[in-house]
$ cat input_0.txt   # compact mmCIF, C-alpha atoms
# COMPACT_ATOMS: atom_id res chain seq x y z
CA MET A 1 11.22 8.78 -23.00
CA LYS A 2 9.02 5.76 -22.29
CA GLN A 3 5.76 5.65 -20.37
CA ILE A 4 2.95 3.12 -19.94
CA VAL A 5 -0.64 3.95 -20.96
CA LEU A 6 -3.90 2.05 -21.28
CA ARG A 7 -4.82 0.45 -24.60
CA HIS A 8 -8.46 0.71 -23.50
CA VAL A 9 -10.46 0.95 -20.29
CA PRO A 10 -10.21 -2.49 -18.63
CA PRO A 11 -13.61 -4.22 -18.70
CA ALA A 12 -12.92 -5.88 -15.35
CA ARG A 13 -9.81 -6.83 -13.37
CA PRO A 14 -6.84 -5.32 -15.28
CA GLU A 15 -4.54 -7.64 -17.21
CA ALA A 16 -1.12 -7.03 -18.75
CA THR A 17 -2.59 -6.82 -22.25
CA ASP A 18 -4.65 -3.78 -21.22
CA PHE A 19 -1.46 -1.68 -21.22
CA VAL A 20 1.07 -0.56 -23.82
CA ALA A 21 4.44 1.22 -23.69
CA VAL A 22 4.75 4.39 -25.79
CA GLU A 23 7.53 6.85 -26.56
CA VAL A 24 6.83 10.51 -25.77
CA ALA A 25 8.84 13.73 -25.41
CA PRO A 26 10.32 14.26 -21.93
CA PRO A 27 8.33 16.72 -19.80
CA ALA A 28 9.36 20.36 -19.42
CA CYS A 29 10.30 21.58 -15.96
CA PRO A 30 7.43 23.60 -14.41
CA GLU A 31 8.16 27.05 -13.02
CA ASP A 32 7.46 26.02 -9.44
CA GLY A 33 8.71 22.47 -9.66
CA VAL A 34 11.10 19.83 -10.86
CA VAL A 35 11.60 17.00 -13.31
CA ILE A 36 12.70 13.77 -11.70
CA ASP A 37 14.37 10.70 -13.11
CA VAL A 38 12.17 7.89 -11.85
CA VAL A 39 14.13 5.16 -10.09
CA HIS A 40 11.23 3.11 -8.64
CA VAL A 41 7.49 2.96 -9.35
CA SER A 42 5.04 1.58 -6.80
CA LEU A 43 2.26 -0.74 -7.96
CA ASP A 44 -0.72 -0.61 -5.59
CA PRO A 45 -4.14 -2.30 -5.54
CA TYR A 46 -6.12 0.96 -5.52
CA VAL A 47 -4.78 1.79 -9.00
CA GLY A 48 -6.87 -1.07 -10.38
CA SER A 49 -10.10 0.69 -9.39
CA ARG A 50 -8.77 4.09 -10.45
CA LEU A 51 -8.25 2.79 -14.00
CA ARG A 52 -12.04 2.48 -14.18
CA GLY A 53 -12.71 5.83 -12.48
CA ARG A 54 -13.82 4.21 -9.23
CA HIS A 55 -11.32 5.51 -6.70
CA MET A 56 -12.20 8.45 -4.42
CA GLY A 57 -13.56 10.49 -7.32
CA GLU A 58 -10.16 10.65 -9.01
CA PRO A 59 -10.21 10.66 -12.84
CA ALA A 60 -9.30 7.57 -14.81
CA PRO A 61 -6.32 7.92 -17.17
CA ARG A 62 -7.35 8.39 -20.79
CA PRO A 63 -6.43 5.39 -22.96
CA GLY A 64 -3.47 6.09 -25.22
CA VAL A 65 -2.85 9.50 -23.61
CA ASP A 66 -2.26 9.61 -19.86
CA PRO A 67 0.44 7.57 -18.14
CA ILE A 68 -0.75 5.17 -15.46
CA PRO A 69 -0.67 6.92 -12.06
CA GLY A 70 1.54 5.63 -9.29
CA ALA A 71 3.77 6.65 -6.43
CA VAL A 72 7.42 7.12 -7.40
CA VAL A 73 10.84 7.54 -5.88
CA GLY A 74 13.54 9.21 -7.91
CA GLN A 75 16.17 11.91 -8.19
CA ILE A 76 15.74 15.47 -9.32
CA ALA A 77 17.12 15.95 -12.84
CA HIS A 78 16.08 19.60 -13.29
CA SER A 79 14.86 22.08 -10.69
CA ARG A 80 13.37 25.56 -10.75
CA VAL A 81 12.95 25.67 -6.99
CA PRO A 82 15.85 27.03 -4.89
CA HIS A 83 15.49 24.57 -2.02
CA LEU A 84 15.31 21.49 -4.27
CA ALA A 85 18.69 20.61 -5.73
CA GLU A 86 19.50 18.41 -8.69
CA GLY A 87 20.42 14.94 -7.51
CA GLN A 88 18.19 15.12 -4.43
CA TRP A 89 16.08 12.04 -3.69
CA VAL A 90 12.32 12.62 -3.52
CA HIS A 91 9.09 10.68 -3.15
CA SER A 92 5.74 11.62 -4.71
CA MET A 93 2.26 10.14 -4.67
CA GLN A 94 1.52 12.02 -7.91
CA GLY A 95 3.95 10.16 -10.12
CA ALA A 96 3.37 7.85 -13.05
CA TRP A 97 4.57 4.73 -14.83
CA ALA A 98 7.16 6.72 -16.75
CA GLU A 99 10.91 7.25 -16.96
CA LYS A 100 10.58 10.93 -16.05
CA VAL A 101 7.84 12.97 -14.36
CA ALA A 102 7.33 16.71 -13.89
CA LEU A 103 6.08 17.67 -10.45
CA SER A 104 5.10 20.77 -8.53
CA SER A 105 7.25 21.36 -5.47
CA HIS A 106 4.10 20.79 -3.38
CA ALA A 107 3.63 17.30 -4.83
CA LEU A 108 6.84 15.75 -3.49
CA ARG A 109 8.73 15.03 -0.31
CA PRO A 110 12.52 15.05 -0.01
CA ILE A 111 13.68 11.74 1.48
CA GLU A 112 16.78 10.25 3.05
CA VAL A 113 17.74 6.94 1.46
CA HIS A 114 21.22 6.15 2.81
CA GLN A 115 20.12 4.33 5.98
CA THR A 116 16.94 2.63 4.76
CA GLY A 117 17.43 2.23 1.00
CA SER A 118 15.34 3.95 -1.63
CA ARG A 119 12.65 1.27 -2.21
CA ALA A 120 11.61 1.42 1.45
CA HIS A 121 9.97 4.79 0.72
CA LEU A 122 7.41 2.99 -1.43
CA GLY A 123 6.76 0.25 1.12
CA ALA A 124 7.56 0.36 4.81
CA LEU A 125 8.03 4.14 4.72
CA GLY A 126 5.64 4.75 1.83
CA MET A 127 1.88 4.78 1.57
CA PRO A 128 1.50 1.15 2.76
CA GLY A 129 3.44 1.92 5.92
CA LEU A 130 1.62 5.19 6.53
CA THR A 131 -1.73 3.42 6.06
CA ALA A 132 -0.83 0.75 8.59
CA TRP A 133 0.55 3.30 11.07
CA ALA A 134 -2.58 5.45 10.80
CA GLY A 135 -4.92 2.52 11.31
CA ILE A 136 -3.05 0.83 14.14
CA THR A 137 -1.76 3.82 16.12
CA GLN A 138 -4.18 6.65 15.37
CA LEU A 139 -7.54 4.92 14.85
CA ALA A 140 -7.42 1.59 16.69
CA ARG A 141 -4.84 2.96 19.15
CA ALA A 142 -3.41 -0.51 19.63
CA GLY A 143 -1.16 -0.87 22.65
CA ALA A 144 -0.05 -3.06 25.52
CA GLY A 145 -2.14 -6.18 25.94
CA ASP A 146 -4.06 -5.92 22.69
CA GLN A 147 -4.61 -9.04 20.63
CA VAL A 148 -4.63 -8.04 16.98
CA LEU A 149 -6.05 -9.83 13.92
CA VAL A 150 -4.88 -8.66 10.48
CA ASP A 151 -6.41 -9.69 7.17
CA ALA A 152 -4.24 -9.82 4.01
CA ALA A 153 -1.30 -10.04 6.39
CA ALA A 154 1.23 -10.91 3.67
CA GLY A 155 0.50 -7.67 1.84
CA ALA A 156 2.52 -4.51 2.32
CA VAL A 157 -0.16 -2.81 4.43
CA GLY A 158 -1.14 -5.87 6.45
CA GLY A 159 2.45 -6.88 7.11
CA MET A 160 3.24 -3.40 8.40
CA ALA A 161 0.06 -3.30 10.50
CA GLY A 162 1.08 -6.40 12.44
CA GLN A 163 4.66 -5.24 12.93
CA ILE A 164 3.58 -1.79 14.14
CA ALA A 165 1.04 -3.36 16.51
CA ARG A 166 3.81 -5.45 18.04
CA LEU A 167 6.04 -2.36 18.23
CA ARG A 168 3.28 -0.61 20.17
CA GLY A 169 3.07 -3.46 22.69
CA ALA A 170 0.38 -5.83 21.40
CA SER A 171 0.59 -9.14 23.25
CA ARG A 172 -0.48 -11.31 20.31
CA VAL A 173 -0.71 -10.69 16.57
CA VAL A 174 -2.44 -13.14 14.21
CA GLY A 175 -2.59 -12.84 10.44
CA ILE A 176 -4.78 -14.25 7.69
CA ALA A 177 -3.19 -14.91 4.28
CA GLY A 178 -3.61 -17.14 1.25
CA GLY A 179 -1.32 -20.16 0.90
CA PRO A 180 1.60 -21.70 2.80
CA ALA A 181 4.25 -19.39 1.29
CA LYS A 182 2.45 -16.24 2.34
CA CYS A 183 1.70 -17.60 5.80
CA ALA A 184 5.38 -18.50 6.23
CA LEU A 185 6.34 -14.93 5.27
CA VAL A 186 3.90 -13.53 7.83
CA ARG A 187 5.25 -15.70 10.64
CA GLU A 188 8.94 -15.86 9.84
CA ARG A 189 9.73 -12.43 8.46
CA TYR A 190 7.00 -10.22 9.87
CA GLY A 191 7.04 -11.92 13.27
CA PHE A 192 3.33 -12.60 13.71
CA ASP A 193 2.53 -15.17 16.38
CA ALA A 194 0.39 -17.18 13.97
CA CYS A 195 -1.01 -17.03 10.45
CA VAL A 196 -4.15 -18.77 9.21
CA ASP A 197 -4.36 -19.90 5.58
CA TYR A 198 -7.86 -18.96 4.38
CA ARG A 199 -7.55 -21.49 1.55
CA ALA A 200 -7.31 -24.38 4.03
CA ASP A 201 -10.29 -26.38 5.27
CA GLY A 202 -11.61 -25.21 8.62
CA TRP A 203 -9.71 -21.93 8.48
CA GLU A 204 -12.41 -19.92 10.26
CA ASP A 205 -12.23 -22.28 13.24
CA ALA A 206 -8.44 -21.93 13.12
CA VAL A 207 -8.77 -18.16 13.56
CA GLY A 208 -10.76 -18.76 16.73
CA LEU A 209 -8.17 -21.23 18.01
CA ALA A 210 -5.37 -18.75 17.33
CA LEU A 211 -7.22 -16.10 19.36
CA PRO A 212 -9.01 -18.05 22.11
CA GLU A 213 -9.75 -14.85 24.06
CA GLY A 214 -10.93 -13.04 20.94
CA ALA A 215 -9.34 -10.13 19.12
CA SER A 216 -9.41 -6.66 20.64
CA VAL A 217 -8.34 -5.07 17.32
CA HIS A 218 -9.05 -6.18 13.76
CA PHE A 219 -7.47 -4.62 10.65
CA GLU A 220 -9.53 -5.39 7.55
CA ASN A 221 -8.23 -5.17 3.98
CA VAL A 222 -10.30 -7.60 1.91
CA SER A 223 -14.08 -7.86 2.08
CA VAL A 224 -17.30 -7.48 4.04
CA GLY A 225 -17.37 -11.27 4.40
CA MET A 226 -13.95 -11.29 6.04
CA ALA A 227 -14.92 -8.37 8.26
CA THR A 228 -18.08 -10.20 9.35
CA MET A 229 -16.05 -13.29 10.23
CA ALA A 230 -13.69 -11.11 12.29
CA LEU A 231 -16.60 -9.39 14.07
CA GLN A 232 -17.78 -12.77 15.24
CA ARG A 233 -14.38 -13.25 16.90
CA LEU A 234 -14.06 -9.73 18.29
CA ARG A 235 -14.13 -9.08 22.01
CA PRO A 236 -16.85 -6.81 23.38
CA TYR A 237 -15.85 -3.18 22.78
CA GLY A 238 -13.23 -4.28 20.27
CA ARG A 239 -12.06 -1.95 17.50
CA MET A 240 -12.23 -2.71 13.79
CA VAL A 241 -10.40 -0.64 11.19
CA LEU A 242 -11.83 -0.87 7.67
CA CYS A 243 -8.75 -0.08 5.60
CA GLY A 244 -9.78 -1.54 2.25
CA LEU A 245 -12.26 -3.87 0.61
CA VAL A 246 -10.18 -5.10 -2.30
CA ASP A 247 -12.80 -7.64 -3.35
CA GLN A 248 -15.08 -4.75 -4.31
CA TYR A 249 -12.54 -2.89 -6.44
CA HIS A 250 -13.59 -4.69 -9.63
CA ALA A 251 -17.13 -5.74 -8.75
CA ASP A 252 -20.05 -4.26 -10.68
CA THR A 253 -22.41 -4.46 -7.70
CA VAL A 254 -21.97 -3.54 -4.05
CA PRO A 255 -22.40 -6.48 -1.64
CA PRO A 256 -24.47 -6.18 1.55
CA GLY A 257 -22.86 -4.25 4.39
CA LEU A 258 -21.76 -5.33 7.84
CA PRO A 259 -24.55 -6.91 9.92
CA ALA A 260 -25.68 -4.13 12.27
CA GLY A 261 -26.91 -6.60 14.89
CA LEU A 262 -23.46 -8.14 15.16
CA VAL A 263 -21.82 -4.72 15.50
CA ILE A 264 -24.24 -3.88 18.31
CA GLY A 265 -23.86 -7.24 19.98
CA ARG A 266 -20.09 -6.91 20.08
CA ARG A 267 -20.38 -3.22 21.15
CA ALA A 268 -17.80 -2.79 18.40
CA VAL A 269 -16.15 0.43 17.29
CA VAL A 270 -15.87 0.38 13.48
CA LEU A 271 -13.43 2.93 12.05
CA GLY A 272 -13.09 3.82 8.38
CA LEU A 273 -9.56 4.62 7.20
CA VAL A 274 -8.71 6.95 4.30
CA VAL A 275 -4.95 7.37 4.23
CA TYR A 276 -5.17 10.76 2.48
CA ASP A 277 -6.24 12.22 5.85
CA PHE A 278 -2.80 11.38 7.23
CA TYR A 279 -0.58 12.76 4.47
CA PRO A 280 0.17 15.88 6.61
CA ARG A 281 1.63 13.54 9.26
CA TRP A 282 3.97 11.64 6.93
CA ASP A 283 7.10 13.12 8.51
CA GLU A 284 5.88 12.15 11.99
CA PHE A 285 5.29 8.59 10.80
CA VAL A 286 8.73 8.36 9.15
CA ALA A 287 10.45 9.74 12.25
CA GLU A 288 8.95 6.92 14.33
CA ILE A 289 9.34 4.03 11.91
CA ALA A 290 12.53 4.79 9.91
CA PRO A 291 14.93 3.82 12.73
CA HIS A 292 13.26 0.39 12.92
CA VAL A 293 13.51 -0.02 9.15
CA ALA A 294 17.19 0.99 9.22
CA SER A 295 17.92 -1.54 11.99
CA GLY A 296 15.98 -4.34 10.29
CA GLY A 297 13.43 -4.48 13.09
CA ILE A 298 10.66 -3.73 10.60
CA SER A 299 10.74 -4.90 7.01
CA ILE A 300 8.50 -5.64 4.06
CA ALA A 301 9.28 -8.27 1.44
CA GLU A 302 9.50 -6.88 -2.07
CA ASP A 303 8.33 -8.33 -5.38
CA VAL A 304 10.54 -6.40 -7.79
CA ALA A 305 10.36 -6.25 -11.59
CA GLN A 306 13.14 -4.77 -13.70
CA GLY A 307 12.33 -2.14 -16.31
CA LEU A 308 9.18 -0.20 -17.10
CA ASP A 309 8.10 -2.79 -19.68
CA ALA A 310 7.68 -5.28 -16.84
CA ALA A 311 5.12 -3.14 -14.99
CA PRO A 312 1.97 -4.51 -16.69
CA GLY A 313 2.89 -8.12 -15.98
CA LEU A 314 3.65 -7.47 -12.32
CA PHE A 315 0.46 -5.42 -12.00
CA GLU A 316 -1.60 -8.32 -13.36
CA ARG A 317 -0.04 -10.62 -10.75
CA LEU A 318 -0.83 -8.04 -8.06
CA MET A 319 -4.46 -7.87 -9.19
CA ARG A 320 -4.66 -11.67 -8.95
CA GLY A 321 -3.05 -11.73 -5.51
CA GLU A 322 -0.10 -13.71 -6.86
CA ASN A 323 2.64 -11.28 -5.79
CA ILE A 324 4.69 -11.90 -2.66
CA GLY A 325 5.41 -8.63 -0.85
CA LYS A 326 5.36 -5.03 -2.03
CA ALA A 327 5.14 -4.74 -5.82
CA VAL A 328 7.82 -2.35 -7.13
CA VAL A 329 9.27 -1.71 -10.58
CA ASP A 330 12.90 -0.61 -10.84
CA VAL A 331 12.85 1.89 -13.70
CA GLY A 332 16.39 3.27 -13.43
CA GLN A 333 19.42 3.43 -11.19
CA GLY A 334 20.09 6.19 -8.75
CA ILE A 335 23.02 8.44 -9.64
CA ALA A 336 25.29 10.19 -7.17
CA ARG A 337 25.08 13.85 -8.11
CA PRO A 338 26.51 16.90 -6.34
CA GLY A 339 24.11 18.37 -3.78
$ encode --input "input_0.txt" --output "structure tokens"
Amino acid sequence: MKQIVLRHVPPARPEATDFVAVEVAPPACPEDGVVIDVVHVSLDPYVGSRLRGRHMGEPAPRPGVDPIPGAVVGQIAHSRVPHLAEGQWVHSMQGAWAEKVALSSHALRPIEVHQTGSRAHLGALGMPGLTAWAGITQLARAGAGDQVLVDAAAGAVGGMAGQIARLRGASRVVGIAGGPAKCALVRERYGFDACVDYRADGWEDAVGLALPEGASVHFENVSVGMATMALQRLRPYGRMVLCGLVDQYHADTVPPGLPAGLVIGRRAVVLGLVVYDFYPRWDEFVAEIAPHVASGGISIAEDVAQGLDAAPGLFERLMRGENIGKAVVDVGQGIARPG
């Protein structure tokens, strides 16, 4: 089978040439697990820092040896677990950029794909959706009357954050994104009330004009600089969720932190979000959000590449912020199997 490995440890922001496809023997089925045929692989920003051993203490893949880690959706090809049947659709955060993966039964979740489609379990119902749900509903506790500001609003997490805030009753949702195409996506597909293009002149003033009463909730994905700008436009006692600081993923030095005086002056509540804490609540999240995905009330645009060989190129575009929507690679086609 085919899998993607590193040629070498990327010296900085990963590029397509840092990866290579190799042929290896298919994995054996573990005693307490399954082998799945991978149908979709998720490409996510955090993988860029993991490739350099800089993500939550998780090990970097060894060049030429270990497949690139990534969430996957697929179908069980072989099972040694009675309650997991061949042909069953599953999702796992412990997958890889490979045509087949062997997984412990504890490392996967059975999923239902007929109403929502299979790719949704890597986006709206996958880790991006869970991250947004956790930040908006469990940490910020956004609800009726809140005015919500979301950075990186065209991304899979940011787009879901705004849509879930609106679902929970927020009165106004404003996004920040880069370029007219992304801002149009945020307004027209994700239903934000406004989107500010941070590449345009005077964009910081435009954020203030879009939220004349100030934001009561801010969802940050990008940088300390962006978070500081949002703090300046936060209402007293507003809530800020620090979901990610993607600008730091490939930096060699850590920039200064949030200005403490500004946090105090705004009486702000600043909440750090690590999505791993919410993995035990994945089923609860899916139960709430899946009906809205099935009806089309919530959606995430997808940037889809065909075939495992296309993964490095799409990942480079993701690292450069050039993708539009959730980055997914279609590795194979789902097969209708008995059971």
$ atom_distance --input "input_0.txt" --atom1 "atom CA of Val174 of chain A" --atom2 "atom CA of Ala301 of chain A"
18.0 Å
$ residues_around --input "input_0.txt" --residues "Cys243 of chain A" --least-positions-apart "4" --cutoff "12 Å" --atoms "only C-alpha atoms" --output "NGL selection string"
:A and (46 or 128 or 130-136 or 139-140 or 150-152 or 157-158 or 161 or 218-224 or 227 or 270-276)
$ write_last_selection --input "input_0.txt" --atoms "C-alpha atoms" --output "CSV table (one decimal), in the frame of the given file"
chain,number,residue,atom,x,y,z
A,46,TYR,CA,-6.1,1.0,-5.5
A,128,PRO,CA,1.5,1.2,2.8
A,130,LEU,CA,1.6,5.2,6.5
A,131,THR,CA,-1.7,3.4,6.1
A,132,ALA,CA,-0.8,0.8,8.6
A,133,TRP,CA,0.6,3.3,11.1
A,134,ALA,CA,-2.6,5.4,10.8
A,135,GLY,CA,-4.9,2.5,11.3
A,136,ILE,CA,-3.0,0.8,14.1
A,139,LEU,CA,-7.5,4.9,14.8
A,140,ALA,CA,-7.4,1.6,16.7
A,150,VAL,CA,-4.9,-8.7,10.5
A,151,ASP,CA,-6.4,-9.7,7.2
A,152,ALA,CA,-4.2,-9.8,4.0
A,157,VAL,CA,-0.2,-2.8,4.4
A,158,GLY,CA,-1.1,-5.9,6.4
A,161,ALA,CA,0.1,-3.3,10.5
A,218,HIS,CA,-9.0,-6.2,13.8
A,219,PHE,CA,-7.5,-4.6,10.6
A,220,GLU,CA,-9.5,-5.4,7.6
A,221,ASN,CA,-8.2,-5.2,4.0
A,222,VAL,CA,-10.3,-7.6,1.9
A,223,SER,CA,-14.1,-7.9,2.1
A,224,VAL,CA,-17.3,-7.5,4.0
A,227,ALA,CA,-14.9,-8.4,8.3
A,270,VAL,CA,-15.9,0.4,13.5
A,271,LEU,CA,-13.4,2.9,12.0
A,272,GLY,CA,-13.1,3.8,8.4
A,273,LEU,CA,-9.6,4.6,7.2
A,274,VAL,CA,-8.7,7.0,4.3
A,275,VAL,CA,-5.0,7.4,4.2
A,276,TYR,CA,-5.2,10.8,2.5
$ atom_distance --input "input_0.txt" --atom1 "atom CA of Ala16 of chain A" --atom2 "atom CA of Ile68 of chain A"
12.6 Å
$ residues_near_point --input "input_0.txt" --point "(4.2, 1.2, -4.8)" --cutoff "10 Å" --atoms "all atoms listed in the file" --output "PyMOL selection string"
chain A and resi 40-45+47+70-73+93+119-123+126-128+156+326-329
$ atom_distance --input "input_0.txt" --atom1 "atom CA of Ala60 of chain A" --atom2 "atom CA of Val9 of chain A"
8.7 Å
$ closest_residue --input "input_0.txt" --among "A:Glu288, A:Glu188, A:Asp330, A:Glu23" --to "Leu308 of chain A" --atoms "all atoms listed in the file"
A:Asp330
$ closest_residue --input "input_0.txt" --among "A:Pro14, A:Ala206, A:Gly307, A:Gly332" --to "Ser49 of chain A" --atoms "all atoms listed in the file"
A:Pro14
$ residues_around --input "input_0.txt" --residues "Thr116 of chain A" --least-positions-apart "4" --cutoff "12 Å" --atoms "only C-alpha atoms" --output "list in words"
Ile111, Glu112, Ala120, His121, Leu122, Gly123, Ala124, Leu125, Gly126, Val286, Ile289, Ala290, Pro291, His292, Val293, Ala294, Ser295, Gly296, Gly297, Ile298, Ser299 and Ile300 of chain A
$ closest_residue --input "input_0.txt" --among "A:Ala311, A:Ala181, A:Gly155, A:Arg141" --to "Pro69 of chain A" --atoms "all atoms listed in the file"
A:Ala311
$ residues_around --input "input_0.txt" --residues "Leu314 of chain A" --least-positions-apart "4" --cutoff "10 Å" --atoms "only C-alpha atoms" --output "VMD selection string"
chain A and resid 15 to 16 43 303 to 306 309 to 310 318 to 320 322 to 323 327 to 329
$ write_last_selection --input "input_0.txt" --atoms "C-alpha atoms" --output "PDB file, in the coordinates of the input"
ATOM      1  CA  GLU A  15      -4.540  -7.640 -17.210  1.00  0.00           C
ATOM      2  CA  ALA A  16      -1.120  -7.030 -18.750  1.00  0.00           C
ATOM      3  CA  LEU A  43       2.260  -0.740  -7.960  1.00  0.00           C
ATOM      4  CA  ASP A 303       8.330  -8.330  -5.380  1.00  0.00           C
ATOM      5  CA  VAL A 304      10.540  -6.400  -7.790  1.00  0.00           C
ATOM      6  CA  ALA A 305      10.360  -6.250 -11.590  1.00  0.00           C
ATOM      7  CA  GLN A 306      13.140  -4.770 -13.700  1.00  0.00           C
ATOM      8  CA  ASP A 309       8.100  -2.790 -19.680  1.00  0.00           C
ATOM      9  CA  ALA A 310       7.680  -5.280 -16.840  1.00  0.00           C
ATOM     10  CA  LEU A 318      -0.830  -8.040  -8.060  1.00  0.00           C
ATOM     11  CA  MET A 319      -4.460  -7.870  -9.190  1.00  0.00           C
ATOM     12  CA  ARG A 320      -4.660 -11.670  -8.950  1.00  0.00           C
ATOM     13  CA  GLU A 322      -0.100 -13.710  -6.860  1.00  0.00           C
ATOM     14  CA  ASN A 323       2.640 -11.280  -5.790  1.00  0.00           C
ATOM     15  CA  ALA A 327       5.140  -4.740  -5.820  1.00  0.00           C
ATOM     16  CA  VAL A 328       7.820  -2.350  -7.130  1.00  0.00           C
ATOM     17  CA  VAL A 329       9.270  -1.710 -10.580  1.00  0.00           C
TER      18      VAL A 329
END
$ residues_around --input "input_0.txt" --residues "Gly64 of chain A" --least-positions-apart "5" --cutoff "9 Å" --atoms "all atoms listed in the file" --output "MDAnalysis selection string"
chainID A and resid 4:8 19:20 22
$ residues_around --input "input_0.txt" --residues "Ala170 of chain A" --least-positions-apart "3" --cutoff "7 Å" --atoms "all atoms listed in the file" --output "MDAnalysis selection string"
chainID A and resid 142:147 165:166 173
$ write_last_selection --input "input_0.txt" --atoms "C-alpha atoms" --output "mmCIF file, in the frame of the given file"
data_model
loop_
_atom_site.group_PDB
_atom_site.id
_atom_site.type_symbol
_atom_site.label_atom_id
_atom_site.label_comp_id
_atom_site.auth_asym_id
_atom_site.auth_seq_id
_atom_site.Cartn_x
_atom_site.Cartn_y
_atom_site.Cartn_z
ATOM 1 C CA ALA A 142 -3.410 -0.510 19.630
ATOM 2 C CA GLY A 143 -1.160 -0.870 22.650
ATOM 3 C CA ALA A 144 -0.050 -3.060 25.520
ATOM 4 C CA GLY A 145 -2.140 -6.180 25.940
ATOM 5 C CA ASP A 146 -4.060 -5.920 22.690
ATOM 6 C CA GLN A 147 -4.610 -9.040 20.630
ATOM 7 C CA ALA A 165 1.040 -3.360 16.510
ATOM 8 C CA ARG A 166 3.810 -5.450 18.040
ATOM 9 C CA VAL A 173 -0.710 -10.690 16.570
#
